[in-house]
file my_file_5.tsv (TSV, C-alpha atoms (C1' of nucleotides))
chain	number	residue	atom	x	y	z
A	15	MET	CA	69.76	151.19	28.07
A	16	GLU	CA	67.02	150.33	25.65
A	17	ILE	CA	66.16	146.70	25.46
A	18	SER	CA	64.84	146.76	21.90
A	19	LYS	CA	66.28	149.32	19.54
A	20	ASN	CA	64.10	150.97	16.95
A	21	MET	CA	66.05	149.94	13.88
A	22	ILE	CA	63.78	151.67	11.37
A	23	GLY	CA	63.81	154.95	13.25
A	24	SER	CA	67.55	155.05	13.67
A	25	GLU	CA	68.03	154.12	10.01
A	26	VAL	CA	65.90	157.09	8.97
A	27	THR	CA	67.91	159.39	11.22
A	28	THR	CA	71.20	158.08	9.86
A	29	TRP	CA	69.99	158.45	6.29
A	30	TYR	CA	68.87	162.03	6.89
A	31	LYS	CA	72.24	163.13	8.21
A	32	LYS	CA	73.83	162.08	4.95
A	33	ASN	CA	71.10	162.52	2.34
A	34	GLY	CA	68.49	164.89	3.75
A	35	ARG	CA	67.41	168.14	2.09
A	36	LYS	CA	69.06	170.23	4.76
A	37	ASP	CA	69.23	173.29	2.53
A	38	LEU	CA	65.46	173.97	2.50
A	39	PRO	CA	64.91	177.55	3.69
A	40	TRP	CA	62.92	176.56	6.79
A	41	ARG	CA	65.69	174.17	7.77
A	42	ILE	CA	68.48	176.72	7.72
A	43	LYS	CA	67.34	178.03	11.07
A	44	THR	CA	64.62	176.25	13.03
A	45	THR	CA	62.96	178.63	15.42
A	46	PRO	CA	59.45	177.62	16.53
A	47	TYR	CA	58.07	180.60	14.62
A	48	ARG	CA	59.80	179.68	11.36
A	49	VAL	CA	58.82	176.03	11.67
A	50	TRP	CA	55.24	177.10	12.33
A	51	ILE	CA	55.05	179.38	9.28
A	52	SER	CA	56.62	176.74	7.06
A	53	GLU	CA	54.29	174.02	8.28
A	54	MET	CA	51.28	176.24	7.64
A	55	MET	CA	52.48	176.90	4.10
A	56	LEU	CA	53.25	173.25	3.49
A	57	GLN	CA	49.77	172.02	4.32
A	58	GLN	CA	48.57	170.43	1.07
A	59	THR	CA	51.29	172.40	-0.71
A	60	GLN	CA	54.46	171.10	-2.29
A	61	VAL	CA	57.94	172.16	-1.23
A	62	ASN	CA	58.81	173.94	-4.47
A	63	THR	CA	55.64	176.00	-4.34
A	64	ALA	CA	56.12	177.01	-0.72
A	65	LYS	CA	59.80	177.99	-0.96
A	66	ASP	CA	59.49	181.50	-2.39
A	67	TYR	CA	56.44	182.30	-0.30
A	68	PHE	CA	58.32	181.30	2.83
A	69	LEU	CA	61.36	183.43	1.97
A	70	ASN	CA	59.14	186.38	1.17
A	71	PHE	CA	57.09	185.96	4.33
A	72	ILE	CA	60.16	185.64	6.55
A	73	GLU	CA	61.76	188.66	4.94
A	74	GLN	CA	58.78	190.76	6.00
A	75	TYR	CA	58.07	189.01	9.29
A	76	PRO	CA	61.23	187.27	10.53
A	77	ASP	CA	59.89	186.56	14.01
A	78	LEU	CA	56.86	186.82	16.27
A	79	GLU	CA	57.66	190.30	17.45
A	80	SER	CA	57.73	191.62	13.87
A	81	ILE	CA	54.31	190.19	13.07
A	82	LYS	CA	52.77	191.31	16.35
A	83	ASN	CA	50.84	194.24	14.89
A	84	ALA	CA	50.25	192.91	11.37
A	85	SER	CA	46.69	193.10	10.07
A	86	GLU	CA	44.87	190.16	8.61
A	87	GLU	CA	44.99	191.75	5.17
A	88	GLU	CA	48.72	192.40	5.38
A	89	ILE	CA	49.28	188.72	6.03
A	90	LEU	CA	46.82	187.78	3.31
A	91	ILE	CA	48.78	189.80	0.75
A	92	LEU	CA	51.81	187.60	1.44
A	93	TRP	CA	49.58	184.60	0.80
A	94	LYS	CA	48.34	185.88	-2.52
A	95	GLY	CA	48.39	183.10	-5.11
A	96	LEU	CA	49.32	180.35	-2.67
A	97	GLY	CA	45.80	179.07	-2.13
A	98	TYR	CA	43.87	177.79	0.88
A	99	TYR	CA	43.73	181.38	2.05
A	100	ARG	CA	42.14	180.42	5.34
A	101	ARG	CA	45.66	179.54	6.45
A	102	ALA	CA	46.64	183.21	6.35
A	103	LYS	CA	43.70	184.06	8.56
A	104	PHE	CA	44.69	181.26	10.94
A	105	ILE	CA	48.19	182.72	11.21
A	106	TYR	CA	46.68	186.08	12.07
A	107	GLN	CA	44.40	184.54	14.70
A	108	ALA	CA	47.14	182.36	16.12
A	109	LYS	CA	49.63	185.19	16.59
A	110	GLU	CA	46.89	187.23	18.29
A	111	LYS	CA	46.37	184.35	20.70
A	112	ILE	CA	50.10	183.87	21.24
A	113	PHE	CA	50.42	187.48	22.40
A	114	LYS	CA	47.23	187.32	24.43
A	115	ASP	CA	47.69	183.98	26.17
A	116	TYR	CA	51.38	183.12	25.89
A	117	ASN	CA	53.10	186.44	26.41
A	118	GLY	CA	54.36	186.49	22.83
A	119	LEU	CA	56.25	183.22	23.17
A	120	PHE	CA	55.39	180.29	20.94
A	121	PRO	CA	54.05	177.54	23.23
A	122	ASP	CA	55.98	174.29	23.64
A	123	GLU	CA	53.31	171.90	24.93
A	124	PHE	CA	51.12	169.78	22.67
A	125	GLU	CA	47.80	170.92	24.12
A	126	ASP	CA	48.74	174.58	23.79
A	127	ILE	CA	50.10	174.25	20.25
A	128	ILE	CA	47.14	172.30	18.90
A	129	SER	CA	44.79	174.85	20.44
A	130	LEU	CA	46.09	177.43	17.96
A	131	PRO	CA	43.94	177.99	14.86
A	132	GLY	CA	45.03	176.06	11.79
A	133	ILE	CA	47.21	173.64	13.72
A	134	GLY	CA	46.03	170.04	13.86
A	135	LYS	CA	47.66	166.91	15.18
A	136	SER	CA	50.18	166.52	12.39
A	137	THR	CA	51.32	170.14	12.25
A	138	ALA	CA	51.59	170.16	16.04
A	139	GLY	CA	53.69	167.01	15.87
A	140	ALA	CA	55.99	168.58	13.29
A	141	ILE	CA	56.50	171.73	15.35
A	142	LEU	CA	57.14	169.77	18.53
A	143	SER	CA	59.57	167.40	16.84
A	144	ILE	CA	61.46	169.87	14.68
A	145	ALA	CA	61.39	173.04	16.76
A	146	TYR	CA	61.57	171.51	20.23
A	147	GLY	CA	63.03	168.04	19.69
A	148	LYS	CA	60.04	166.43	21.41
A	149	PRO	CA	58.95	163.05	20.01
A	150	PHE	CA	55.44	163.48	18.59
A	151	PRO	CA	54.30	161.61	15.47
A	152	ILE	CA	53.29	163.32	12.26
A	153	LEU	CA	51.07	162.03	9.48
A	154	ASP	CA	51.43	163.99	6.30
A	155	ALA	CA	51.15	162.63	2.79
A	156	ASN	CA	54.77	161.46	2.83
A	157	VAL	CA	54.50	159.55	6.06
A	158	LYS	CA	51.19	158.04	4.98
A	159	ARG	CA	52.86	156.68	1.87
A	160	VAL	CA	56.00	155.44	3.61
A	161	VAL	CA	54.32	153.63	6.48
A	162	GLY	CA	51.52	152.42	4.22
A	163	ARG	CA	54.18	150.70	2.14
A	164	LEU	CA	56.48	149.63	4.95
A	165	TYR	CA	53.61	147.68	6.44
A	166	ASN	CA	51.90	146.96	3.14
A	167	GLN	CA	48.54	148.47	4.04
A	168	GLU	CA	45.69	148.03	1.61
A	169	SER	CA	43.79	151.15	2.54
A	170	TYR	CA	44.20	154.20	4.70
A	171	GLN	CA	43.00	153.87	8.26
A	172	GLU	CA	43.53	156.91	10.41
A	173	LYS	CA	44.09	155.24	13.74
A	174	LYS	CA	46.31	152.49	12.36
A	175	PHE	CA	48.52	154.91	10.43
A	176	TRP	CA	49.03	157.13	13.47
A	177	GLU	CA	50.12	154.06	15.42
A	178	LEU	CA	52.62	153.13	12.73
A	179	SER	CA	53.98	156.67	12.55
A	180	LYS	CA	54.46	156.67	16.31
A	181	LYS	CA	55.95	153.19	16.25
A	182	ILE	CA	58.81	153.96	13.86
A	183	LEU	CA	59.57	157.42	15.28
A	184	ASP	CA	63.13	157.61	16.55
A	185	LYS	CA	62.34	159.12	19.94
A	186	SER	CA	65.96	159.96	20.61
A	187	ASN	CA	66.18	162.08	17.43
A	188	PRO	CA	62.77	163.53	16.57
A	189	PHE	CA	64.32	166.52	14.82
A	190	LEU	CA	66.32	164.41	12.40
A	191	PHE	CA	63.80	161.61	12.08
A	192	GLN	CA	60.74	163.63	11.09
A	193	GLN	CA	62.60	165.54	8.43
A	194	GLY	CA	64.17	162.30	7.26
A	195	ILE	CA	60.93	160.35	6.97
A	196	MET	CA	59.38	163.18	4.98
A	197	ASP	CA	62.42	163.40	2.72
A	198	ILE	CA	62.33	159.67	2.07
A	199	GLY	CA	58.68	160.02	1.12
A	200	ALA	CA	59.34	163.01	-1.11
A	201	THR	CA	62.57	161.97	-2.82
A	202	ILE	CA	62.55	158.14	-2.84
A	203	CYS	CA	59.15	156.68	-2.03
A	204	HIS	CA	57.45	158.44	-4.94
A	205	ILE	CA	53.81	157.78	-5.59
A	206	HIS	CA	54.82	156.47	-9.03
A	207	ASN	CA	58.08	154.58	-9.57
A	208	PRO	CA	59.46	154.44	-6.03
A	209	GLN	CA	63.25	154.25	-6.05
A	210	CYS	CA	63.48	151.20	-3.82
A	211	ASP	CA	67.14	150.64	-4.69
A	212	GLU	CA	68.03	153.86	-2.90
A	213	CYS	CA	65.67	153.39	0.02
A	214	PRO	CA	67.24	152.91	3.45
A	215	LEU	CA	64.12	151.07	4.58
A	216	GLY	CA	64.14	148.46	1.82
A	217	ARG	CA	65.02	145.52	4.05
A	218	TRP	CA	61.91	146.10	6.16
A	219	CYS	CA	59.52	147.18	3.43
A	220	LEU	CA	56.69	144.72	2.87
A	221	SER	CA	55.56	146.50	-0.29
A	222	LYS	CA	58.98	146.08	-1.84
A	223	LYS	CA	58.87	142.47	-0.80
A	224	ASN	CA	55.62	141.61	-2.51
A	225	GLY	CA	55.57	144.31	-5.20
A	226	SER	CA	52.26	145.95	-4.37
A	227	PHE	CA	52.61	149.58	-3.46
A	228	TYR	CA	50.13	151.33	-1.25
A	229	THR	CA	48.80	154.59	-2.67
A	230	TYR	CA	46.59	156.92	-0.72
A	231	LYS	CA	43.32	157.47	-2.49
A	232	LYS	CA	41.00	160.32	-1.75
A	233	LYS	CA	37.34	160.02	-2.47
A	234	LYS	CA	36.58	161.98	-5.55
A	235	THR	CA	33.44	164.04	-5.48
A	236	PRO	CA	32.37	165.66	-8.74
A	237	LYS	CA	33.11	169.36	-8.93
A	238	LYS	CA	30.09	171.59	-8.99
A	239	LYS	CA	30.16	174.22	-11.69
A	240	VAL	CA	29.93	177.85	-10.70
A	241	PHE	CA	29.37	180.52	-13.33
A	242	LEU	CA	30.60	183.97	-12.38
A	243	ASN	CA	30.09	187.09	-14.44
A	244	TYR	CA	32.52	189.78	-13.36
A	245	GLU	CA	31.55	193.39	-13.95
A	246	ILE	CA	34.48	195.55	-15.01
A	247	TYR	CA	33.97	199.20	-14.13
A	248	LYS	CA	36.78	201.38	-15.53
A	249	ARG	CA	37.65	204.96	-14.65
A	250	ASP	CA	40.87	206.93	-15.00
A	251	GLY	CA	43.15	203.91	-15.02
A	252	CYS	CA	41.20	202.36	-12.16
A	253	ILE	CA	39.02	199.28	-11.83
A	254	TYR	CA	36.34	198.99	-9.18
A	255	MET	CA	37.00	196.22	-6.66
A	256	ILE	CA	35.11	194.70	-3.77
A	257	LYS	CA	36.16	192.49	-0.90
A	258	ASN	CA	34.47	189.14	-1.41
A	259	MET	CA	32.64	187.95	1.69
A	260	ASP	CA	30.06	185.50	0.43
A	261	LEU	CA	31.28	183.25	-2.36
A	262	GLY	CA	32.28	180.55	0.11
A	263	PHE	CA	35.70	180.37	-1.54
A	264	TRP	CA	38.18	183.21	-2.00
A	265	ASN	CA	36.68	184.78	1.09
A	266	GLU	CA	38.11	188.19	1.97
A	267	LEU	CA	40.01	188.38	-1.29
A	268	TRP	CA	39.44	191.34	-3.58
A	269	MET	CA	37.85	191.16	-7.02
A	270	PRO	CA	35.54	193.09	-9.32
A	271	PRO	CA	31.83	192.91	-8.48
A	272	TYR	CA	30.23	189.75	-9.82
A	273	LYS	CA	26.97	187.97	-10.35
A	274	ILE	CA	26.41	184.25	-10.04
A	275	VAL	CA	24.56	183.17	-13.17
A	276	GLU	CA	23.11	180.00	-14.65
A	277	ASN	CA	25.52	179.90	-17.56
A	278	ASN	CA	27.92	182.14	-19.44
A	279	ASN	CA	30.49	182.39	-22.22
A	280	ARG	CA	33.45	181.47	-20.14
A	281	GLU	CA	36.76	183.13	-20.85
A	282	ILE	CA	38.55	181.34	-18.06
A	283	LYS	CA	37.93	177.90	-16.62
A	284	HIS	CA	39.50	177.62	-13.21
A	285	GLY	CA	39.43	174.55	-10.98
A	286	LEU	CA	39.26	174.76	-7.22
A	287	SER	CA	39.33	171.73	-4.96
A	288	HIS	CA	35.59	171.20	-5.20
A	289	ARG	CA	34.39	173.69	-7.76
A	290	GLU	CA	34.80	174.25	-11.46
A	291	LEU	CA	34.65	177.96	-12.06
A	292	HIS	CA	33.56	179.51	-15.33
A	293	LEU	CA	34.55	183.15	-15.40
A	294	GLU	CA	33.38	185.84	-17.77
A	295	PHE	CA	34.44	189.49	-17.68
A	296	LEU	CA	32.03	192.14	-18.93
A	297	VAL	CA	32.89	195.81	-19.20
A	298	THR	CA	30.03	197.60	-17.49
A	299	SER	CA	28.81	201.15	-16.97
A	300	GLY	CA	26.97	202.59	-14.00
A	301	THR	CA	27.79	203.42	-10.41
A	302	PRO	CA	29.12	200.49	-8.41
A	303	LYS	CA	28.82	200.35	-4.61
A	304	GLY	CA	30.39	198.60	-1.66
A	305	GLY	CA	34.00	198.66	-2.78
A	306	LYS	CA	36.66	201.06	-3.97
A	307	TRP	CA	38.46	202.21	-7.10
A	308	ILE	CA	41.87	200.62	-7.45
A	309	ASN	CA	44.52	202.11	-9.69
A	310	LYS	CA	46.29	199.72	-12.02
A	311	ASN	CA	49.54	200.44	-10.22
A	312	GLU	CA	48.03	199.20	-6.96
A	313	PHE	CA	46.62	195.87	-8.11
A	314	ASN	CA	49.61	194.17	-6.56
A	315	ASN	CA	48.85	195.63	-3.16
A	316	LEU	CA	45.54	193.81	-2.92
A	317	PRO	CA	45.07	190.13	-2.11
A	318	THR	CA	43.36	188.70	-5.18
A	319	PRO	CA	42.82	185.11	-6.35
A	320	LYS	CA	45.01	183.80	-9.16
A	321	PRO	CA	42.68	184.08	-12.17
A	322	ILE	CA	41.64	187.58	-11.09
A	323	SER	CA	45.29	188.59	-10.69
A	324	ASP	CA	45.96	187.33	-14.19
A	325	LYS	CA	43.01	189.21	-15.63
A	326	LEU	CA	43.92	192.43	-13.84
A	327	GLU	CA	47.44	192.16	-15.17
A	328	GLN	CA	46.02	191.96	-18.69
A	329	TYR	CA	43.89	195.02	-18.15
A	330	ALA	CA	46.78	196.96	-16.66
A	331	LYS	CA	48.89	196.25	-19.74
A	332	SER	CA	46.28	196.76	-22.39
A	333	PHE	CA	43.37	199.10	-22.42
A	334	LEU	CA	43.39	200.99	-19.17
B	20	DA	C1'	31.59	161.31	8.40
B	21	DA	C1'	31.58	164.00	4.53
B	22	DT	C1'	32.49	168.30	2.61
B	23	DC	C1'	34.86	172.43	2.07
B	24	DC	C1'	38.98	175.00	0.91
B	25	DG	C1'	43.60	176.89	-4.21
B	26	DT	C1'	47.09	176.33	-7.00
B	27	DG	C1'	50.79	174.10	-9.62
B	28	DG	C1'	53.10	169.97	-11.24
B	29	DT	C1'	52.84	165.47	-13.41
B	30	DG	C1'	51.34	161.46	-16.14
C	16	DT	C1'	42.68	168.32	-22.00
C	17	DC	C1'	42.19	165.90	-17.86
C	18	DA	C1'	42.64	163.27	-13.55
C	19	DC	C1'	45.27	163.04	-9.69
C	20	DC	C1'	47.48	164.88	-5.70
C	21	DA	C1'	50.60	167.62	-2.60
C	22	DA	C1'	54.59	168.85	4.75
C	23	DG	C1'	45.93	169.09	6.36
C	24	DG	C1'	42.49	171.34	9.23
C	25	DA	C1'	37.89	172.98	10.33
C	26	DT	C1'	33.12	172.28	10.42
call {"tool": "encode", "arguments": {"input": "my_file_5.tsv", "output": "structure tokens"}}
result
Amino acid sequence: MEISKNMIGSEVTTWYKKNGRKDLPWRIKTTPYRVWISEMMLQQTQVNTAKDYFLNFIEQYPDLESIKNASEEEILILWKGLGYYRRAKFIYQAKEKIFKDYNGLFPDEFEDIISLPGIGKSTAGAILSIAYGKPFPILDANVKRVVGRLYNQESYQEKKFWELSKKILDKSNPFLFQQGIMDIGATICHIHNPQCDECPLGRWCLSKKNGSFYTYKKKKTPKKKVFLNYEIYKRDGCIYMIKNMDLGFWNELWMPPYKIVENNNREIKHGLSHRELHLEFLVTSGTPKGGKWINKNEFNNLPTPKPISDKLEQYAKSFL
DNA sequence: AATCCGTGGTG
DNA sequence: TCACCAAGGAT
């Protein structure tokens, strides 16, 4: 028998059973593989954005065995448009390691899971809690906001927030608790206008008590501008494309050849996390090298970044 | 420790 | 139009 019961944790668990978003696609069936793929997609990505990508990914690769022989580019194609494309490469590398070191079985120990590429402490905690029912804390944006407010923190402190996440975790129900705490963060404890009247944690919440609500603030660094002039080579309904290896972003995605210039007449302004891209597209003649001709019917088969996909779609419709 | 990495929604 | 930020991790 426990001497002191974790009231907050058990309240979250109870709330989840009744009010949780149990119909999310990655919650229908929680195999370690499915939880892993969903957690990778959900890194810095909202639920609504990840949904369709998850369903599409799982349709093609429903389990580890089906993804065993997939190439990096095949996985990248399923990631097309989702962003943070490194995650697709991490999935490729991780599944290679799982077959090499773990006999094709997803590992179930913290040290093994966090050793996989793209999996940090929080993702490992989510997989352990949700896929294996083992009590490990998580610290995503939802949990940061909920515990930051529960304990009325003024600023984010990594170590302190991990302690709080671990403290309120319902160790007897990690599966229900972790999904519940994230759902409370996502559906009640909004960054603006938290719905405190509906919150199961209201009687413990110090922010509700004194009316000052913690909000996680990232340092904002000014975005550097990058001017890219894309060279459009056309031939027989084809456009010449290269695999980008050296922009620093969009690595290993396909695009027309480009030059980095000092300035240009931008047609498209596109923001990345830390860059402001100014894109110009110039129809060019000559003999390009280092890539291949792609027919307009095959644009969809190549992993391309969003603004390039949009531009290619235009070309395919109009003057090719 | 600070910076890098995408895209879409929201105010 | 624009700032902010989301189921973060790697370097």
call {"tool": "closest_residue", "arguments": {"input": "my_file_5.tsv", "among": "A:Glu177, A:Phe113, A:Thr59, A:Lys248", "to": "B:DG28", "atoms": "all atoms listed in the file"}}
result
A:Thr59
call {"tool": "closest_atom_pairs", "arguments": {"input": "my_file_5.tsv", "of": "chain A", "to": "chain C", "cutoff": "7 Å", "atoms": "all atoms listed in the file", "output": "JSON lines"}}
result
{"residue": "A:Glu53", "atom": "CA", "partner": "C:DA22", "partner_atom": "C1'", "distance": 6.3}
{"residue": "A:Leu56", "atom": "CA", "partner": "C:DA22", "partner_atom": "C1'", "distance": 4.8}
{"residue": "A:Gln57", "atom": "CA", "partner": "C:DG23", "partner_atom": "C1'", "distance": 5.2}
{"residue": "A:Gln58", "atom": "CA", "partner": "C:DA21", "partner_atom": "C1'", "distance": 5.0}
{"residue": "A:Thr59", "atom": "CA", "partner": "C:DA21", "partner_atom": "C1'", "distance": 5.2}
{"residue": "A:Gln60", "atom": "CA", "partner": "C:DA21", "partner_atom": "C1'", "distance": 5.2}
{"residue": "A:Gly132", "atom": "CA", "partner": "C:DG24", "partner_atom": "C1'", "distance": 5.9}
{"residue": "A:Ile133", "atom": "CA", "partner": "C:DG24", "partner_atom": "C1'", "distance": 6.9}
{"residue": "A:Gly134", "atom": "CA", "partner": "C:DG24", "partner_atom": "C1'", "distance": 6.0}
{"residue": "A:Asp154", "atom": "CA", "partner": "C:DA22", "partner_atom": "C1'", "distance": 6.0}
call {"tool": "closest_residue", "arguments": {"input": "my_file_5.tsv", "among": "A:Gly147, A:Pro208, A:Gly95, A:Pro121", "to": "A:Ile322", "atoms": "all atoms listed in the file"}}
result
A:Gly95
call {"tool": "atom_distance", "arguments": {"input": "my_file_5.tsv", "atom1": "atom CA of A:Met21", "atom2": "atom CA of A:Gly162"}}
result
17.6 Å
call {"tool": "closest_atom_pairs", "arguments": {"input": "my_file_5.tsv", "of": "chain B", "to": "chain A", "cutoff": "9 Å", "atoms": "all atoms listed in the file", "output": "Markdown table"}}
result
| residue | atom | partner | partner_atom | distance |
| --- | --- | --- | --- | --- |
| B:DT22 | C1' | A:His288 | CA | 8.9 |
| B:DC23 | C1' | A:His288 | CA | 7.4 |
| B:DC24 | C1' | A:Tyr98 | CA | 5.6 |
| B:DG25 | C1' | A:Gly97 | CA | 3.7 |
| B:DT26 | C1' | A:Gly97 | CA | 5.7 |
| B:DG27 | C1' | A:Thr63 | CA | 7.4 |
call {"tool": "atom_distance", "arguments": {"input": "my_file_5.tsv", "atom1": "atom CA of A:Glu86", "atom2": "atom CA of A:Asn314"}}
result
16.4 Å
call {"tool": "residues_around", "arguments": {"input": "my_file_5.tsv", "residues": "stretch 135-137 of chain A", "least_positions_apart": "2", "cutoff": "12 Å", "atoms": "only C-alpha atoms (C1' of nucleotides)", "output": "PyMOL selection string"}}
result
(chain A and resi 46+49-58+124-133+139-145+150-158+172+175-176+179-180+192) or (chain C and resi 22-24)
call {"tool": "axis_aligned_box", "arguments": {"input": "my_file_5.tsv", "around": "chain B", "padding_each_side": "3 Å", "output": "JSON"}}
result
{"center_x": 42.3, "center_y": 169.1, "center_z": -3.9, "size_x": 27.5, "size_y": 21.6, "size_z": 30.5}
call {"tool": "atom_distance", "arguments": {"input": "my_file_5.tsv", "atom1": "atom CA of A:Ile89", "atom2": "atom CA of A:Glu294"}}
result
28.8 Å
call {"tool": "closest_residue", "arguments": {"input": "my_file_5.tsv", "among": "A:Lys232, A:Gln107, A:Lys283, A:Tyr254", "to": "B:DA21", "atoms": "all atoms listed in the file"}}
result
A:Lys232
